[in-house]
Structure formats: structure tokens, C-alpha cells
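Shown next: coords-v6.csv, containing CSV, C-alpha atoms.
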chain,number,residue,atom,x,y,z
A,1,MET,CA,77.2,41.5,-26.5
A,2,ALA,CA,80.8,42.5,-25.7
A,3,GLU,CA,81.8,46.1,-24.9
A,4,THR,CA,84.8,47.7,-26.4
A,5,GLN,CA,87.6,48.5,-24.0
A,6,ARG,CA,90.4,51.1,-23.6
A,7,PRO,CA,93.8,50.6,-22.0
A,8,SER,CA,93.8,51.4,-18.3
A,9,ARG,CA,96.5,51.3,-15.6
A,10,GLU,CA,94.2,49.2,-13.4
A,11,THR,CA,93.9,46.3,-15.9
A,12,ASP,CA,97.2,46.6,-17.7
A,13,PRO,CA,99.3,43.4,-17.4
A,14,GLY,CA,102.6,45.3,-17.7
A,15,ARG,CA,105.5,44.7,-20.0
A,16,GLY,CA,105.1,42.0,-22.6
A,17,ARG,CA,103.9,41.2,-26.1
A,18,ARG,CA,100.4,41.9,-27.3
A,19,LEU,CA,98.6,40.1,-30.1
A,20,GLY,CA,96.2,41.9,-32.3
A,21,LEU,CA,93.5,40.2,-34.3
A,22,ASP,CA,91.3,41.2,-37.2
A,23,VAL,CA,88.7,38.5,-37.2
A,24,GLY,CA,86.9,37.8,-40.5
A,25,SER,CA,84.7,35.1,-41.9
A,26,VAL,CA,87.4,33.8,-44.2
A,27,ARG,CA,90.7,34.9,-42.6
A,28,ILE,CA,92.0,36.2,-39.3
A,29,GLY,CA,94.8,38.7,-39.6
A,30,VAL,CA,97.3,38.5,-36.7
A,31,ALA,CA,99.8,41.1,-35.6
A,32,LEU,CA,102.3,41.0,-32.7
A,33,SER,CA,103.9,43.8,-30.7
A,34,ASP,CA,107.4,44.0,-29.3
A,35,PRO,CA,107.8,43.3,-25.6
A,36,ASP,CA,108.0,47.1,-24.9
A,37,CYS,CA,104.7,47.7,-26.6
A,38,ILE,CA,106.0,50.3,-29.1
A,39,LEU,CA,105.5,48.7,-32.5
A,40,ALA,CA,102.9,46.3,-34.0
A,41,SER,CA,104.1,44.1,-36.8
A,42,PRO,CA,102.3,41.6,-39.1
A,43,LEU,CA,102.6,38.0,-37.9
A,44,GLU,CA,100.5,35.7,-40.1
A,45,THR,CA,97.0,35.1,-41.5
A,46,VAL,CA,95.0,32.2,-40.0
A,47,LYS,CA,92.3,30.6,-42.1
A,48,ALA,CA,89.0,30.9,-40.4
A,49,SER,CA,87.3,27.6,-39.6
A,50,ILE,CA,84.2,26.1,-38.1
A,51,ASP,CA,86.0,23.4,-36.3
A,52,SER,CA,87.9,25.8,-33.9
A,53,SER,CA,91.3,25.0,-35.5
A,54,ASP,CA,91.6,28.8,-36.0
A,55,VAL,CA,91.1,29.4,-32.2
A,56,GLN,CA,93.7,26.6,-31.5
A,57,ARG,CA,96.2,28.2,-33.9
A,58,VAL,CA,95.8,31.7,-32.3
A,59,ALA,CA,96.1,30.1,-28.9
A,60,PHE,CA,99.3,28.5,-30.0
A,61,LEU,CA,100.6,31.9,-31.2
A,62,VAL,CA,99.7,33.4,-27.8
A,63,GLU,CA,101.7,30.7,-26.0
A,64,GLU,CA,104.6,30.6,-28.5
A,65,ASN,CA,105.2,34.4,-28.3
A,66,PHE,CA,104.6,34.8,-24.5
A,67,VAL,CA,101.7,37.1,-25.2
A,68,VAL,CA,100.3,39.0,-22.1
A,69,GLU,CA,97.2,40.5,-23.7
A,70,VAL,CA,95.1,39.9,-26.8
A,71,ILE,CA,93.4,42.7,-28.7
A,72,VAL,CA,90.5,41.7,-30.9
A,73,GLY,CA,89.0,44.2,-33.4
A,74,LEU,CA,85.2,44.5,-33.0
A,75,PRO,CA,83.8,45.2,-36.4
A,76,VAL,CA,80.9,47.7,-35.7
A,77,ALA,CA,79.0,49.3,-38.6
A,78,LEU,CA,79.7,53.0,-39.2
A,79,ARG,CA,76.5,53.9,-37.5
A,80,GLY,CA,77.5,51.9,-34.4
A,81,ASN,CA,75.1,49.0,-34.9
A,82,HIS,CA,76.2,45.4,-34.6
A,83,THR,CA,76.3,43.0,-37.6
A,84,SER,CA,76.9,39.3,-38.1
A,85,SER,CA,80.6,40.1,-38.3
A,86,THR,CA,80.4,41.7,-34.9
A,87,LEU,CA,78.8,38.6,-33.4
A,88,ALA,CA,81.5,36.4,-35.1
A,89,ALA,CA,84.3,38.4,-33.6
A,90,GLU,CA,82.7,38.3,-30.1
A,91,GLU,CA,82.3,34.6,-30.4
A,92,PHE,CA,85.9,34.1,-31.5
A,93,ALA,CA,87.1,36.3,-28.6
A,94,ARG,CA,85.0,34.3,-26.1
A,95,ASP,CA,86.2,30.9,-27.5
A,96,LEU,CA,89.9,32.1,-27.4
A,97,SER,CA,89.5,33.4,-23.9
A,98,GLN,CA,88.3,30.0,-22.7
A,99,VAL,CA,91.3,28.3,-24.3
A,100,ILE,CA,94.0,30.8,-23.1
A,101,GLY,CA,92.8,31.2,-19.6
A,102,ASP,CA,94.1,34.1,-17.5
A,103,ILE,CA,95.5,36.1,-20.5
A,104,PRO,CA,93.1,39.0,-21.0
A,105,VAL,CA,91.2,39.3,-24.3
A,106,ARG,CA,90.1,42.9,-25.0
A,107,MET,CA,87.6,44.0,-27.6
A,108,VAL,CA,88.3,47.3,-29.4
A,109,ASP,CA,86.3,49.3,-32.0
A,110,GLU,CA,87.9,48.6,-35.3
A,111,ARG,CA,85.8,50.6,-37.6
A,112,MET,CA,87.8,51.6,-40.7
A,113,SER,CA,90.8,49.3,-39.9
A,114,THR,CA,90.4,47.1,-43.0
A,115,MET,CA,89.7,50.2,-45.2
A,116,ALA,CA,92.8,51.9,-43.9
A,117,ALA,CA,94.9,48.8,-44.4
A,118,THR,CA,93.5,48.4,-48.0
A,119,GLN,CA,94.3,52.0,-48.9
A,120,ALA,CA,97.8,51.7,-47.5
A,121,MET,CA,98.4,48.5,-49.5
A,122,GLN,CA,97.0,50.1,-52.7
A,123,ALA,CA,99.2,53.1,-52.1
A,124,SER,CA,102.2,50.8,-52.0
A,125,GLY,CA,101.2,49.1,-55.2
A,126,VAL,CA,99.6,45.9,-53.9
A,127,SER,CA,96.2,45.1,-55.4
A,128,ALA,CA,93.4,44.2,-53.0
A,129,LYS,CA,92.9,40.8,-54.7
A,130,LYS,CA,96.5,39.7,-54.6
A,131,GLY,CA,97.1,41.1,-51.1
A,132,ARG,CA,94.0,39.9,-49.2
A,133,SER,CA,96.0,37.9,-46.6
A,134,ARG,CA,98.4,40.8,-46.2
A,135,ILE,CA,95.5,43.2,-45.9
A,136,ASP,CA,94.1,41.1,-43.0
A,137,GLN,CA,97.5,41.3,-41.3
A,138,ALA,CA,97.8,45.0,-42.0
A,139,ALA,CA,94.3,45.5,-40.5
A,140,ALA,CA,95.5,43.6,-37.4
A,141,VAL,CA,98.5,45.8,-37.2
A,142,HIS,CA,96.3,48.9,-37.4
A,143,ILE,CA,94.1,47.6,-34.6
A,144,LEU,CA,97.0,46.6,-32.4
A,145,GLN,CA,99.0,49.8,-33.0
A,146,GLY,CA,96.0,51.9,-32.0
A,147,TRP,CA,95.9,50.0,-28.7
A,148,LEU,CA,99.6,50.4,-28.2
A,149,ASP,CA,99.5,54.1,-28.8
A,150,ALA,CA,96.5,54.6,-26.5
A,151,ARG,CA,98.2,52.4,-23.8
A,152,ARG,CA,101.4,54.5,-24.0
A,153,ARG,CA,99.3,57.7,-23.5
A,154,VAL,CA,97.5,56.2,-20.5
A,155,MET,CA,100.7,54.8,-18.9
A,156,ASN,CA,102.5,58.1,-19.3
A,157,GLU,CA,99.8,60.2,-17.7
A,158,GLU,CA,100.7,61.8,-14.4
A,159,LEU,CA,99.1,60.0,-11.4
Could I get this file's structure written as C-alpha cells?
Amino acid sequence: MAETQRPSRETDPGRGRRLGLDVGSVRIGVALSDPDCILASPLETVKASIDSSDVQRVAFLVEENFVVEVIVGLPVALRGNHTSSTLAAEEFARDLSQVIGDIPVRMVDERMSTMAATQAMQASGVSAKKGRSRIDQAAAVHILQGWLDARRRVMNEEL
């Protein structure tokens, strides 16, 4: 069982793009940061698969965008217990890590990210049914932006 992580000076790979993932059983939302780690933006939605083509597609995005760190949302139930979704996200992160090698893959608690993304989409007039793939991307943005904000606080702390 993977543990969630927080940004730290000791493990930070430095300047460069980060990729955020919201792993679901049907779709994987993907977000990308700018090289200065200020803003997360939606990138695409990858169709989840059982033949690992989803892992290969994400690995391609990592390479294509010169990503230095991958942030995977770990869907934990509100009470903190793990579910089948938790296990699926952990497995995806493990598989991706094996393919991309030395690029760190971090797991972060993503409770409420899909709900926050859905509410934001509905507030902007996009229905949940019509905007499912965009909601997955928005959830990935939410996950990645949380990491970027926490990273900025850690990196700006006085030594």
C-alpha cells in the first residue's frame, strides 16, 4: 500500500514541469504545470485500459513534455480507508514508475478533487454528463495545483 507524500526540499527535482493524474477506472485525467511550477493546466484525458496502453500514453506525455515529477491522486474514502479505486491508482503509479525510470512518481491524497472539479464545472454551466472527460482533467488540475502550492510553500521556507 503506497503512502501519500508531501513536497520536500530533500526530494524535489528542481525546476521543470510536473504532470498530475486523476486515475479512474474509465478515464485518466491529465494536467501539466509550467516549468516554473506556478500553474497547473488541463492536458488531456486518457482512456483507461487493461492492456497498459494507458500507462504507455502517460509515459509518452511525460517524455514529450520533459516532465521531472509525476503526481498521482490517491483516492481514499472520506474516512481514510482504501477502496478498489485506491488499489487501482497505486497499481497504475507502480506500472508508470517502472516505465519512466528515474522520474519520481508521488502519491497524494486526492479526497474531494473530483467533487471540487464537478462543482466548478457545474458552476460554469457544464453538465456532469457532457463534461466527464473535462471533469477528469479538472480533477487532475486540482490535484496538481495542490501539490504546486504546497511545494511553493516548502521551497520558500527559511532554512
Counting all atoms listed in the file, what is within 10 Å of Phe66 (chain A), bar same-chain residues fewer than 2 positions away, as a list in words?
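Neighbouring residues, sequence-local ones excluded: Gly16, Arg17, Arg18, Leu19, Pro35, Phe60, Leu61, Val62, Glu63, Glu64, Val68 and Glu69 of chain A.
Nearest-residue note for Lys47 (chain A): choosing from A:Gly101, A:Gly146, A:Gly24, A:Pro7, the minimum distance belongs to A:Gly24, counting all atoms listed in the file.
In this structure, CA of Ile143 (chain A) sits 15.7 Å away from CA of Glu3 (chain A).
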Could you list, with a cut-off of 12 Å and counting all atoms listed in the file, the residues of region 39-91 of chain A near region 149-159 of chain A, each shown with its nearest atom pair and the distance in Å rounded to one decimal, rows sorted by chain and ascending number, as JSON lines?
{"residue": "A:Leu39", "atom": "CA", "partner": "A:Asp149", "partner_atom": "CA", "distance": 8.9}
{"residue": "A:Ala40", "atom": "CA", "partner": "A:Asp149", "partner_atom": "CA", "distance": 10.0}
{"residue": "A:Glu69", "atom": "CA", "partner": "A:Arg151", "partner_atom": "CA", "distance": 11.9}
{"residue": "A:Ile71", "atom": "CA", "partner": "A:Arg151", "partner_atom": "CA", "distance": 11.9}
Kindly give the distance, in Å, that separates CA of Pro13 (chain A) and CA of Cys37 (chain A), rounded to a single decimal.
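Those two atoms sit 11.5 Å apart.
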So which one's closest to Ala93 (chain A), A:Ile135, A:Trp147, A:Ile28, A:Glu10? Using all atoms listed in the file, please.
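Closest to Ala93 (chain A), using all atoms listed in the file: A:Ile28.
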